[in-house]
file query.csv (CSV, C-alpha atoms and all ligand atoms)
chain,number,residue,atom,x,y,z
A,182,LEU,CA,18.9,14.7,4.8
A,183,ARG,CA,17.7,12.4,7.5
A,184,ARG,CA,18.5,8.9,8.6
A,185,SER,CA,15.9,6.3,7.3
A,186,PRO,CA,13.7,5.3,10.2
A,187,PHE,CA,13.9,1.7,9.1
A,188,LEU,CA,17.6,0.9,9.9
A,189,VAL,CA,18.8,-1.9,12.1
A,190,ALA,CA,22.5,-2.6,12.8
A,191,TYR,CA,24.2,-5.8,13.9
A,192,TRP,CA,27.6,-7.4,14.1
A,193,ASP,CA,28.2,-10.0,11.5
A,194,GLY,CA,31.5,-11.7,12.5
A,195,SER,CA,33.9,-8.7,12.9
A,196,GLY,CA,31.9,-6.3,10.7
A,197,LEU,CA,29.0,-4.0,11.5
A,198,ILE,CA,26.1,-4.4,9.1
A,199,VAL,CA,23.5,-1.7,8.7
A,200,GLU,CA,20.3,-2.9,7.0
A,201,ASN,CA,17.4,-0.8,5.7
A,202,TYR,CA,14.6,-3.3,6.1
A,203,ALA,CA,12.2,-1.1,4.1
A,204,THR,CA,14.4,-1.2,1.0
A,205,GLY,CA,16.2,-4.5,1.6
A,206,VAL,CA,19.6,-2.9,1.4
A,207,CYS,CA,22.3,-4.4,3.6
A,208,VAL,CA,25.8,-2.8,3.8
A,209,ALA,CA,28.9,-3.0,5.9
A,210,ALA,CA,29.4,0.2,7.8
A,211,ASP,CA,32.4,1.7,9.5
A,212,ALA,CA,32.5,4.0,12.6
A,213,GLU,CA,32.4,7.1,10.3
A,214,ALA,CA,29.3,6.0,8.6
A,215,VAL,CA,27.6,5.3,12.0
A,216,ALA,CA,28.6,8.8,13.2
A,217,LEU,CA,27.1,10.4,10.1
A,218,LEU,CA,23.9,8.4,10.5
A,219,GLY,CA,23.9,9.5,14.2
A,220,PHE,CA,24.2,13.2,13.1
A,221,PHE,CA,21.2,12.9,10.7
A,222,ASP,CA,18.7,11.8,13.4
A,223,ARG,CA,16.5,14.7,12.2
A,224,TRP,CA,16.3,16.7,9.0
A,225,ARG,CA,19.7,18.5,8.5
A,226,THR,CA,21.6,19.8,5.6
A,227,PRO,CA,25.0,18.7,4.3
A,228,GLY,CA,26.2,22.2,5.1
A,229,GLN,CA,25.3,21.7,8.8
A,230,LEU,CA,27.4,18.5,8.8
A,231,GLU,CA,30.4,20.3,7.2
A,232,ALA,CA,30.1,23.0,9.8
A,233,ALA,CA,30.1,20.4,12.6
A,234,LEU,CA,33.2,18.7,11.1
A,235,PRO,CA,35.5,21.6,10.2
A,236,ASP,CA,38.6,19.4,10.1
A,237,TYR,CA,37.2,17.1,7.4
A,238,ASP,CA,37.6,17.7,3.7
A,239,PRO,CA,34.1,18.7,2.4
A,240,ALA,CA,34.6,16.6,-0.8
A,241,SER,CA,35.2,13.5,1.3
A,242,ILE,CA,32.1,14.3,3.4
A,243,ARG,CA,30.0,14.7,0.2
A,244,ARG,CA,31.3,11.3,-1.0
A,245,ALA,CA,30.4,9.6,2.2
A,246,LEU,CA,26.9,11.2,2.2
A,247,SER,CA,26.3,10.2,-1.4
A,248,ARG,CA,27.3,6.6,-0.5
A,249,LEU,CA,24.7,6.6,2.4
A,250,LEU,CA,22.1,8.0,0.1
A,251,ARG,CA,22.8,5.5,-2.6
A,252,HIS,CA,22.3,2.7,-0.1
A,253,SER,CA,19.1,4.3,1.2
A,254,LEU,CA,20.4,4.7,4.7
A,255,LEU,CA,19.7,8.5,4.3
A,256,GLU,CA,16.6,10.1,2.9
A,257,ARG,CA,16.3,13.4,1.0
A,258,SER,CA,13.5,15.8,1.8
A,259,ASP,CA,13.3,16.9,-1.9
A,260,ARG,CA,12.7,13.3,-3.2
A,261,PRO,CA,9.8,11.0,-2.6
A,262,PRO,CA,10.7,8.3,0.0
A,263,PRO,CA,11.4,4.8,-1.4
A,264,ALA,CA,8.2,3.0,-2.4
A,265,GLY,CA,6.2,1.5,0.5
A,266,THR,CA,8.0,3.4,3.2
A,267,SER,CA,5.1,5.8,3.9
A,268,SER,CA,2.8,2.9,4.6
A,269,LEU,CA,5.5,1.3,6.7
A,270,ARG,CA,5.3,4.3,9.1
A,271,ARG,CA,2.0,2.7,10.3
A,272,TRP,CA,4.1,-0.3,11.5
A,273,ALA,CA,5.9,2.2,13.9
A,274,SER,CA,4.8,0.5,17.1
A,275,TRP,CA,5.7,-3.0,15.7
A,276,ASN,CA,9.1,-1.9,14.5
A,277,PRO,CA,11.9,-2.7,14.3
A,278,GLN,CA,11.3,-6.3,15.4
A,279,ALA,CA,8.2,-7.2,13.3
A,280,GLY,CA,9.0,-5.0,10.3
A,281,TRP,CA,12.6,-6.2,10.2
A,282,PHE,CA,11.6,-9.9,10.3
A,283,HIS,CA,8.7,-9.5,7.9
A,284,PHE,CA,10.5,-7.5,5.2
A,285,SER,CA,13.8,-9.2,5.4
A,286,THR,CA,12.2,-12.6,4.9
A,287,ARG,CA,10.3,-11.6,1.8
A,288,ASP,CA,11.1,-12.9,-1.7
A,289,VAL,CA,13.6,-15.4,-0.5
A,290,ARG,CA,15.2,-17.8,-3.1
A,291,TYR,CA,14.1,-21.4,-3.1
A,292,THR,CA,16.1,-24.2,-4.5
A,293,ARG,CA,14.2,-25.9,-7.2
A,294,ASP,CA,16.6,-28.8,-7.5
A,295,ASP,CA,14.9,-31.2,-5.0
A,296,VAL,CA,17.2,-34.0,-5.8
A,297,ALA,CA,20.4,-32.0,-5.2
A,298,PHE,CA,18.9,-30.6,-2.0
A,299,ALA,CA,18.0,-34.0,-0.7
A,300,ARG,CA,21.4,-35.3,-1.5
A,301,ALA,CA,23.1,-32.4,0.2
A,302,LEU,CA,20.9,-33.0,3.3
A,303,ALA,CA,21.7,-36.7,3.4
A,304,ARG,CA,25.5,-35.8,3.2
A,305,ARG,CA,25.1,-33.4,6.0
A,306,ALA,CA,23.1,-35.9,8.1
A,307,ARG,CA,26.1,-38.3,8.1
A,308,ARG,CA,28.3,-35.9,10.1
A,309,ASP,CA,25.6,-33.8,11.7
A,310,PRO,CA,22.3,-35.8,12.0
A,311,LEU,CA,18.8,-34.3,12.0
A,312,PRO,CA,17.9,-33.4,15.6
A,313,LYS,CA,15.6,-36.1,17.1
A,314,PHE,CA,11.9,-35.8,16.8
A,315,GLY,CA,9.9,-35.3,20.0
A,316,LYS,CA,11.0,-34.6,23.6
A,317,ARG,CA,11.1,-37.2,26.3
A,318,TYR,CA,11.6,-37.1,30.0
A,319,PRO,CA,13.0,-40.6,30.6
A,320,GLN,CA,13.4,-40.1,34.4
A,321,ALA,CA,9.9,-38.8,34.9
A,322,PRO,CA,7.0,-40.9,36.4
A,323,VAL,CA,4.6,-41.7,33.6
A,324,VAL,CA,0.8,-41.8,33.3
A,325,PRO,CA,-0.3,-44.1,30.5
A,326,LEU,CA,-3.2,-42.8,28.5
A,327,PRO,CA,-6.1,-44.6,26.8
A,328,ALA,CA,-5.8,-44.8,23.0
A,329,PRO,CA,-7.5,-41.8,21.2
A,330,ALA,CA,-11.0,-42.2,19.9
A,331,ARG,CA,-10.9,-43.0,16.2
A,332,ALA,CA,-14.5,-43.8,15.5
A,333,GLY,CA,-16.7,-41.3,13.6
A,334,GLU,CA,-16.4,-38.9,10.8
A,335,PHE,CA,-14.3,-36.2,12.6
A,336,PRO,CA,-11.3,-38.5,13.5
A,337,ALA,CA,-11.6,-40.0,10.0
A,338,VAL,CA,-11.1,-36.6,8.5
A,339,LEU,CA,-8.3,-35.7,10.8
A,340,LEU,CA,-6.5,-39.0,10.3
A,341,SER,CA,-6.7,-38.8,6.5
A,342,ARG,CA,-5.5,-35.3,6.0
A,343,ARG,CA,-2.3,-35.3,3.9
A,344,THR,CA,-0.4,-32.8,1.7
A,345,TRP,CA,-1.1,-33.6,-1.9
A,346,ARG,CA,1.1,-32.5,-4.8
A,347,ARG,CA,-0.7,-34.6,-7.4
A,348,PHE,CA,-4.3,-34.0,-8.6
A,349,GLY,CA,-6.9,-35.7,-10.6
A,350,ARG,CA,-8.1,-34.4,-14.0
A,351,ARG,CA,-11.6,-33.4,-12.6
A,352,ALA,CA,-12.2,-29.7,-12.1
A,353,LEU,CA,-13.4,-28.6,-8.7
A,354,SER,CA,-17.1,-27.9,-8.6
A,355,GLN,CA,-18.4,-24.5,-7.7
A,356,ALA,CA,-20.1,-26.2,-4.7
A,357,GLU,CA,-16.8,-27.6,-3.5
A,358,LEU,CA,-15.1,-24.2,-3.8
A,359,GLY,CA,-18.1,-22.6,-2.0
A,360,THR,CA,-17.8,-25.0,0.9
A,361,LEU,CA,-14.1,-24.6,1.1
A,362,LEU,CA,-14.3,-20.8,1.3
A,363,GLY,CA,-17.5,-20.6,3.3
A,364,LEU,CA,-16.5,-23.0,6.1
A,365,THR,CA,-13.0,-21.7,6.3
A,366,PHE,CA,-13.2,-18.0,5.7
A,367,GLY,CA,-16.8,-17.1,5.7
A,368,VAL,CA,-18.3,-15.0,8.5
A,369,GLN,CA,-20.5,-17.2,10.7
A,370,GLY,CA,-21.8,-14.6,13.1
A,371,TRP,CA,-21.1,-11.3,14.8
A,372,LEU,CA,-19.9,-10.3,18.2
A,373,ARG,CA,-20.8,-6.9,19.7
A,374,ALA,CA,-17.7,-5.2,21.2
A,375,PRO,CA,-18.5,-2.1,23.2
A,376,GLY,CA,-17.1,1.0,21.5
A,377,LEU,CA,-15.7,-1.0,18.6
A,378,GLY,CA,-18.8,-2.2,16.8
A,379,ARG,CA,-19.5,-5.7,15.4
A,380,LEU,CA,-16.7,-8.2,15.2
A,381,PRO,CA,-16.9,-11.1,12.8
A,382,LEU,CA,-16.8,-14.7,14.0
A,383,LYS,CA,-15.5,-17.5,11.8
A,384,THR,CA,-14.7,-21.2,12.3
A,385,SER,CA,-11.1,-20.3,13.2
A,386,PRO,CA,-10.2,-18.2,16.2
A,387,SER,CA,-8.6,-14.8,15.7
A,388,GLY,CA,-6.8,-12.5,18.2
A,389,GLY,CA,-9.4,-10.0,19.4
A,390,ALA,CA,-11.8,-11.3,16.7
A,391,LEU,CA,-10.2,-8.9,14.3
A,392,HIS,CA,-9.8,-11.4,11.5
A,393,PRO,CA,-7.1,-9.5,9.5
A,394,ILE,CA,-6.6,-12.5,7.1
A,395,GLU,CA,-8.1,-12.1,3.6
A,396,ALA,CA,-8.4,-14.9,1.0
A,397,TYR,CA,-7.8,-14.5,-2.7
A,398,VAL,CA,-8.6,-17.3,-5.1
A,399,VAL,CA,-6.5,-18.3,-8.1
A,400,ALA,CA,-9.2,-20.2,-9.9
A,401,LEU,CA,-7.5,-22.6,-12.3
A,402,ARG,CA,-10.0,-25.4,-12.9
A,403,VAL,CA,-13.3,-24.7,-11.2
A,404,ALA,CA,-16.4,-25.6,-13.1
A,405,GLY,CA,-18.5,-22.5,-13.6
A,406,VAL,CA,-15.9,-20.1,-12.4
A,407,PRO,CA,-13.9,-18.5,-15.2
A,408,ARG,CA,-10.1,-18.9,-14.7
A,409,GLY,CA,-8.9,-15.8,-12.9
A,410,LEU,CA,-8.0,-14.0,-9.8
A,411,TYR,CA,-10.7,-13.3,-7.2
A,412,HIS,CA,-11.1,-11.9,-3.8
A,413,TYR,CA,-13.4,-13.7,-1.4
A,414,ASP,CA,-15.9,-11.5,0.2
A,415,ALA,CA,-16.1,-13.2,3.6
A,416,ARG,CA,-19.2,-11.2,4.7
A,417,ARG,CA,-21.4,-11.9,1.7
A,418,HIS,CA,-19.9,-15.2,0.6
A,419,ARG,CA,-19.1,-14.4,-2.9
A,420,LEU,CA,-16.1,-13.9,-5.2
A,421,GLU,CA,-15.0,-10.5,-6.5
A,422,ARG,CA,-13.2,-10.8,-9.9
A,423,LEU,CA,-9.9,-8.9,-10.0
A,424,PRO,CA,-8.1,-7.8,-13.1
A,425,GLY,CA,-5.5,-10.1,-14.6
A,426,ARG,CA,-5.3,-13.6,-15.9
A,427,ALA,CA,-4.6,-16.9,-14.1
A,428,ASP,CA,-3.0,-19.9,-15.6
A,429,ALA,CA,-1.0,-22.9,-14.5
A,430,ARG,CA,2.4,-21.2,-15.3
A,431,LYS,CA,1.5,-18.1,-13.3
A,432,ALA,CA,0.2,-20.2,-10.4
A,433,ALA,CA,3.5,-22.2,-10.3
A,434,ALA,CA,5.4,-18.9,-10.4
A,435,TYR,CA,3.4,-17.7,-7.4
A,436,LEU,CA,4.4,-20.8,-5.5
A,437,ALA,CA,8.1,-20.2,-6.1
A,438,GLY,CA,8.2,-22.4,-9.2
A,439,ASP,CA,6.4,-25.5,-7.9
A,440,ARG,CA,4.9,-26.8,-11.1
A,441,TRP,CA,2.6,-29.2,-9.4
A,442,ALA,CA,0.7,-26.2,-8.0
A,443,GLY,CA,-0.5,-25.3,-11.5
A,444,ARG,CA,-2.4,-28.5,-11.8
A,445,ALA,CA,-4.5,-27.8,-8.7
A,446,GLY,CA,-8.1,-26.7,-9.1
A,447,ALA,CA,-7.7,-23.6,-7.0
A,448,ILE,CA,-5.0,-21.9,-5.0
A,449,LEU,CA,-5.9,-19.6,-2.1
A,450,LEU,CA,-3.5,-16.8,-1.3
A,451,LEU,CA,-3.8,-15.7,2.3
A,452,THR,CA,-2.9,-12.1,3.0
A,453,ALA,CA,-2.9,-10.0,6.2
A,454,VAL,CA,-4.4,-6.5,6.3
A,455,PHE,CA,-2.3,-5.1,9.1
A,456,ALA,CA,-4.4,-1.9,10.0
A,457,ARG,CA,-6.8,-3.6,12.4
A,458,PRO,CA,-4.2,-5.5,14.6
A,459,GLN,CA,-1.8,-2.5,14.4
A,460,TRP,CA,-4.6,-0.2,15.6
A,461,LYS,CA,-5.5,-2.4,18.6
A,462,TYR,CA,-2.2,-4.1,19.6
A,463,PRO,CA,0.9,-1.9,19.5
A,464,SER,CA,3.2,-4.8,20.3
A,465,ALA,CA,5.5,-6.5,17.7
A,466,ARG,CA,4.4,-9.8,19.3
A,467,THR,CA,1.1,-9.4,17.4
A,468,TYR,CA,2.9,-10.3,14.2
A,469,ARG,CA,3.2,-13.8,15.7
A,470,VAL,CA,-0.6,-13.8,16.2
A,471,LEU,CA,-1.1,-13.1,12.5
A,472,LEU,CA,1.1,-16.1,11.5
A,473,ALA,CA,-0.8,-18.3,13.9
A,474,GLU,CA,-4.1,-17.2,12.5
A,475,ALA,CA,-3.1,-17.9,8.9
A,476,GLY,CA,-2.1,-21.4,10.2
A,477,HIS,CA,-5.6,-21.9,11.8
A,478,LEU,CA,-7.3,-21.0,8.6
A,479,ALA,CA,-5.0,-23.2,6.5
A,480,GLN,CA,-5.7,-26.2,8.7
A,481,THR,CA,-9.4,-25.6,8.6
A,482,PHE,CA,-9.1,-25.4,4.8
A,483,CYS,CA,-7.1,-28.6,4.6
A,484,LEU,CA,-9.5,-30.5,6.8
A,485,THR,CA,-12.6,-29.2,4.9
A,486,ALA,CA,-10.9,-30.3,1.7
A,487,THR,CA,-10.1,-33.7,3.2
A,488,TRP,CA,-13.7,-34.1,4.3
A,489,LEU,CA,-14.9,-33.3,0.7
A,490,GLY,CA,-12.6,-36.0,-0.5
A,491,LEU,CA,-10.2,-33.5,-2.2
A,492,ALA,CA,-6.5,-33.2,-2.3
A,493,PRO,CA,-5.3,-30.2,-0.3
A,494,PHE,CA,-1.9,-28.7,0.3
A,495,SER,CA,-0.4,-25.7,2.1
A,496,THR,CA,2.9,-24.0,1.3
A,497,MET,CA,4.9,-21.0,2.3
A,498,ALA,CA,7.2,-21.0,-0.7
A,499,LEU,CA,5.8,-17.9,-2.2
A,500,ALA,CA,7.0,-15.3,-4.7
A,501,ASP,CA,5.7,-12.5,-2.4
A,502,SER,CA,6.3,-9.5,-4.6
A,503,ARG,CA,4.9,-11.1,-7.8
A,504,ILE,CA,1.7,-12.2,-5.9
A,505,GLU,CA,1.3,-8.8,-4.3
A,506,ARG,CA,1.7,-7.0,-7.6
A,507,ASP,CA,-0.9,-9.2,-9.3
A,508,LEU,CA,-3.3,-8.8,-6.4
A,509,GLY,CA,-2.8,-5.0,-6.4
A,510,ILE,CA,-1.7,-4.9,-2.8
A,511,ASP,CA,1.4,-2.9,-1.6
A,512,GLY,CA,3.1,-5.6,0.5
A,513,VAL,CA,3.2,-3.2,3.4
A,514,SER,CA,-0.3,-2.4,4.5
A,515,GLU,CA,-1.4,-5.8,3.2
A,516,ALA,CA,1.0,-8.6,2.5
A,517,VAL,CA,0.8,-12.3,1.5
A,518,LEU,CA,1.6,-14.7,4.3
A,519,TYR,CA,0.6,-18.2,3.2
A,520,ALA,CA,-1.0,-20.3,0.5
A,521,VAL,CA,-3.3,-23.3,0.4
A,522,GLY,CA,-4.9,-25.1,-2.5
A,523,ALA,CA,-6.8,-28.1,-3.5
A,524,GLY,CA,-7.7,-30.3,-6.5
A,525,ALA,CA,-9.5,-33.4,-7.1
A,526,ARG,CA,-7.8,-36.5,-5.8
A,527,PRO,CA,-5.8,-38.5,-8.3
A,528,PRO,CA,-7.4,-41.9,-8.9
A,529,ARG,CA,-5.6,-44.9,-7.3
A,530,LEU,CA,-3.4,-43.0,-4.9
A,531,ALA,CA,-4.3,-43.4,-1.3
A,532,ASN,CA,-1.3,-41.8,0.3
A,533,PRO,CA,0.5,-39.0,-1.6
A,534,HIS,CA,3.7,-39.5,0.3
A,535,LEU,CA,4.1,-42.9,-1.3
A,536,ALA,CA,4.2,-41.3,-4.7
A,537,ARG,CA,7.2,-39.0,-4.1
B,1,LIG,C1,3.9,-23.6,7.4
B,1,LIG,C2,4.1,-24.7,6.3
B,1,LIG,C3,4.8,-24.4,5.2
B,1,LIG,C4,5.0,-25.4,4.2
B,1,LIG,N1,5.7,-25.1,3.1
B,1,LIG,C5,5.8,-26.0,2.1
B,1,LIG,C6,6.5,-25.7,0.9
B,1,LIG,O1,7.1,-24.6,0.8
B,1,LIG,N2,6.5,-26.6,-0.1
B,1,LIG,C7,5.9,-27.8,0.0
B,1,LIG,O2,5.9,-28.5,-0.9
B,1,LIG,N3,5.2,-28.1,1.2
B,1,LIG,C8,5.2,-27.3,2.2
B,1,LIG,N4,4.5,-27.6,3.4
B,1,LIG,C9,3.9,-29.0,3.5
B,1,LIG,C10,4.8,-29.9,4.2
B,1,LIG,O3,5.9,-30.3,3.5
B,1,LIG,C11,4.0,-31.2,4.7
B,1,LIG,O4,3.0,-30.7,5.6
B,1,LIG,C12,4.9,-32.2,5.3
B,1,LIG,O5,5.7,-32.8,4.3
B,1,LIG,C13,4.1,-33.3,6.1
B,1,LIG,O6,3.2,-33.9,5.2
B,1,LIG,P1,1.6,-34.0,5.6
B,1,LIG,O7,1.1,-32.6,5.4
B,1,LIG,O8,1.0,-34.9,4.5
B,1,LIG,O9,1.4,-34.5,7.0
B,1,LIG,C14,4.4,-26.7,4.4
B,1,LIG,C15,3.6,-26.9,5.5
B,1,LIG,C16,3.5,-26.0,6.5
B,1,LIG,C17,2.7,-26.3,7.7

call {"tool": "encode", "arguments": {"input": "query.csv", "output": "structure tokens", "more": "lines below"}}
Ligand SMILES: Cc1cc2nc3c(=O)[nH]c(=O)nc-3n(C[C@H](O)[C@H](O)[C@H](O)COP(=O)(O)O)c2cc1C
result
Amino acid sequence: LRRSPFLVAYWDGSGLIVENYATGVCVAADAEAVALLGFFDRWRTPGQLEAALPDYDPASIRRALSRLLRHSLLERSDRPPPAGTSSLRRWASWNPQAGWFHFSTRDVRYTRDDVAFARALARRARRDPLPKFGKRYPQAPVVPLPAPARAGEFPAVLLSRRTWRRFGRRALSQAELGTLLGLTFGVQGWLRAPGLGRLPLKTSPSGGALHPIEAYVVALRVAGVPRGLYHYDARRHRLERLPGRADARKAAAYLAGDRWAGRAGAILLLTAVFARPQWKYPSARTYRVLLAEAGHLAQTFCLTATWLGLAPFSTMALADSRIERDLGIDGVSEAVLYAVGAGARPPRLANPHLAR
């Protein structure tokens, strides 16, 4: 037996919690359990433990060990490790901080009752108001600034970007999808990095120009592109069809039950392939970099869609495991981080927020 390498322990009120962030198991632990986990810091047999604790009843030791095994806090050398844990070893230099955060925030439950949620928030705001928007330094000397330039196409696009959750009936055209993908995710050029080879350049920045974010397309209503799941080949600007079907219901399930998502023309699932950044940057902080990169790409997507006169959205309410299963990725060496999508604009609706 050996202690799982993916344990973190913390005090929760008065109790000590031990969590295996690879398996998602969280248990209250007493001092005895902690001592046993300490003993199994390397492969050891139950017999060695019994020999080290001659005053303990062997049956009670066995019971304690089987509890730790059941909760995946210990691993057995004669059984395969829990799914995904071998790839998780590649996260070693980012763990426990990044791995714990990433894996313990997967597959969270989302409330689908928006009305009840809004009511509960309004109730709370009466006794504990929403913290104020924007900082100020009222005592500081001020420098007034000229109004920002608003003339021209670029400010017009920026100023008209909104999140849309309603879409027109028209399907996206192949040209629109091509522009969205090409201008957001397509490789625009190459950079020579001594010793490393060529690094791709895109319209968004990327830490070390590693570009670990991949885009998958759930094509729902795109003229000339059969409904389905695709991977976008960023180098060759083309779609690669993956097995499996795509429909409105599935799309909504991917986005944690948001039914409006199924009415979009296409949804893009943004994943991170961790190998490149983990190879180059052994610090857990790099996990932050990946989240920022997904944000850059998402904003570029939303602005491109706005420029095309489409209705874009972005969301982090994702059914991680379901998406990863359908994409055929393991959630450890490659995991979904973010989603964006777009449809045609609904007629006669200038500002989607007025419709909610
Ligand atoms: C990182 C991120 C996560 C978001 N997650 C969700 C989400 O889970 N569901 C949703 O409907 N909108 C989501 N949104 C969209 C916001 O609700 C939206 O941006 C906000 O209401 C402001 O509206 P605007 O985008 O039109 O300015 C998300 C936006 C961002 C940047």

call {"tool": "closest_atom_pairs", "arguments": {"input": "query.csv", "of": "chain A", "to": "ligand LIG 1 (chain B)", "cutoff": "7 Å", "atoms": "all atoms listed in the file", "output": "CSV"}}
result
residue,atom,partner,partner_atom,distance
A:Arg342,CA,B:LIG1,O8,6.7
A:Arg343,CA,B:LIG1,O8,3.4
A:Thr344,CA,B:LIG1,O8,3.8
A:Trp345,CA,B:LIG1,O8,6.9
A:Gly476,CA,B:LIG1,C1,7.0
A:Phe494,CA,B:LIG1,C9,6.6
A:Ser495,CA,B:LIG1,C15,5.4
A:Thr496,CA,B:LIG1,N1,3.5
A:Met497,CA,B:LIG1,N1,4.3
A:Ala498,CA,B:LIG1,O1,3.9
A:His534,CA,B:LIG1,O8,6.8

call {"tool": "closest_residue", "arguments": {"input": "query.csv", "among": "A:Gly228, A:Ala321, A:Pro386, A:Leu401", "to": "Gln355 of chain A", "atoms": "all atoms listed in the file"}}
result
A:Leu401

call {"tool": "residues_around", "arguments": {"input": "query.csv", "residues": "Phe220 of chain A", "least_positions_apart": "3", "cutoff": "9 Å", "atoms": "all atoms listed in the file", "output": "ChimeraX atom specification"}}
result
/A:183-184,215-217,223,225,230

call {"tool": "residues_near_point", "arguments": {"input": "query.csv", "point": "(-17.5, -14.1, 6.2)", "cutoff": "10 Å", "atoms": "all atoms listed in the file", "output": "CSV table (one decimal) with C-alpha atoms, keeping the file's coordinate frame"}}
result
chain,number,residue,atom,x,y,z
A,362,LEU,CA,-14.3,-20.8,1.3
A,363,GLY,CA,-17.5,-20.6,3.3
A,364,LEU,CA,-16.5,-23.0,6.1
A,365,THR,CA,-13.0,-21.7,6.3
A,366,PHE,CA,-13.2,-18.0,5.7
A,367,GLY,CA,-16.8,-17.1,5.7
A,368,VAL,CA,-18.3,-15.0,8.5
A,369,GLN,CA,-20.5,-17.2,10.7
A,370,GLY,CA,-21.8,-14.6,13.1
A,371,TRP,CA,-21.1,-11.3,14.8
A,381,PRO,CA,-16.9,-11.1,12.8
A,382,LEU,CA,-16.8,-14.7,14.0
A,383,LYS,CA,-15.5,-17.5,11.8
A,384,THR,CA,-14.7,-21.2,12.3
A,392,HIS,CA,-9.8,-11.4,11.5
A,395,GLU,CA,-8.1,-12.1,3.6
A,413,TYR,CA,-13.4,-13.7,-1.4
A,414,ASP,CA,-15.9,-11.5,0.2
A,415,ALA,CA,-16.1,-13.2,3.6
A,416,ARG,CA,-19.2,-11.2,4.7
A,417,ARG,CA,-21.4,-11.9,1.7
A,418,HIS,CA,-19.9,-15.2,0.6
A,419,ARG,CA,-19.1,-14.4,-2.9

call {"tool": "closest_residue", "arguments": {"input": "query.csv", "among": "A:Pro424, A:Ser247, A:Thr487, A:Val454", "to": "Ala337 of chain A", "atoms": "only C-alpha atoms"}}
result
A:Thr487

call {"tool": "atom_distance", "arguments": {"input": "query.csv", "atom1": "atom CA of Leu340 of chain A", "atom2": "atom CA of Thr360 of chain A"}}
result
20.3 Å

call {"tool": "closest_residue", "arguments": {"input": "query.csv", "among": "A:Val513, A:Pro312, A:Arg422, A:Gly388", "to": "His477 of chain A", "atoms": "all atoms listed in the file"}}
result
A:Gly388

call {"tool": "atom_distance", "arguments": {"input": "query.csv", "atom1": "atom CA of Leu377 of chain A", "atom2": "atom CA of Leu471 of chain A"}}
result
19.9 Å

call {"tool": "residues_around", "arguments": {"input": "query.csv", "residues": "segment 425-441 of chain A", "least_positions_apart": "3", "cutoff": "8 Å", "atoms": "only C-alpha atoms", "output": "short mmCIF file (atom, residue, chain, number, x, y, z; two decimals) with C-alpha atoms, in the coordinates of the input"}}
result
data_model
loop_
_atom_site.label_atom_id
_atom_site.label_comp_id
_atom_site.auth_asym_id
_atom_site.auth_seq_id
_atom_site.Cartn_x
_atom_site.Cartn_y
_atom_site.Cartn_z
CA TYR A 291 14.10 -21.40 -3.10
CA ARG A 293 14.20 -25.90 -7.20
CA ARG A 346 1.10 -32.50 -4.80
CA ARG A 347 -0.70 -34.60 -7.40
CA VAL A 399 -6.50 -18.30 -8.10
CA ALA A 400 -9.20 -20.20 -9.90
CA LEU A 401 -7.50 -22.60 -12.30
CA ARG A 408 -10.10 -18.90 -14.70
CA GLY A 409 -8.90 -15.80 -12.90
CA LEU A 410 -8.00 -14.00 -9.80
CA ARG A 444 -2.40 -28.50 -11.80
CA ALA A 445 -4.50 -27.80 -8.70
CA ILE A 448 -5.00 -21.90 -5.00
CA THR A 496 2.90 -24.00 1.30
CA MET A 497 4.90 -21.00 2.30
CA ALA A 498 7.20 -21.00 -0.70
CA LEU A 499 5.80 -17.90 -2.20
CA ALA A 500 7.00 -15.30 -4.70
CA ASP A 501 5.70 -12.50 -2.40
CA ARG A 503 4.90 -11.10 -7.80
CA ILE A 504 1.70 -12.20 -5.90
CA ASP A 507 -0.90 -9.20 -9.30
#

call {"tool": "residues_around", "arguments": {"input": "query.csv", "residues": "Val189 of chain A", "least_positions_apart": "2", "cutoff": "12 Å", "atoms": "all atoms listed in the file", "output": "number ranges by chain"}}
result
A: 184-187, 191-192, 197-210, 215, 218, 254, 276-282, 285

call {"tool": "atom_distance", "arguments": {"input": "query.csv", "atom1": "atom CA of Pro310 of chain A", "atom2": "atom CA of Arg290 of chain A"}}
result
24.5 Å

call {"tool": "residues_near_point", "arguments": {"input": "query.csv", "point": "(18.7, 20.7, 3.2)", "cutoff": "9 Å", "atoms": "only C-alpha atoms", "output": "number ranges by chain"}}
result
A: 182, 224-229, 257-259

call {"tool": "closest_residue", "arguments": {"input": "query.csv", "among": "A:Glu213, A:Arg251, A:Asp193, A:Tyr462", "to": "Pro263 of chain A", "atoms": "all atoms listed in the file"}}
result
A:Arg251

call {"tool": "residues_around", "arguments": {"input": "query.csv", "residues": "segment 324-335 of chain A", "least_positions_apart": "6", "cutoff": "12 Å", "atoms": "all atoms listed in the file", "output": "ChimeraX atom specification"}}
result
/A:341-342,484-485,487-489

call {"tool": "closest_residue", "arguments": {"input": "query.csv", "among": "A:Pro528, A:Gly196, A:Gly378, A:Gly512", "to": "Thr266 of chain A", "atoms": "only C-alpha atoms"}}
result
A:Gly512
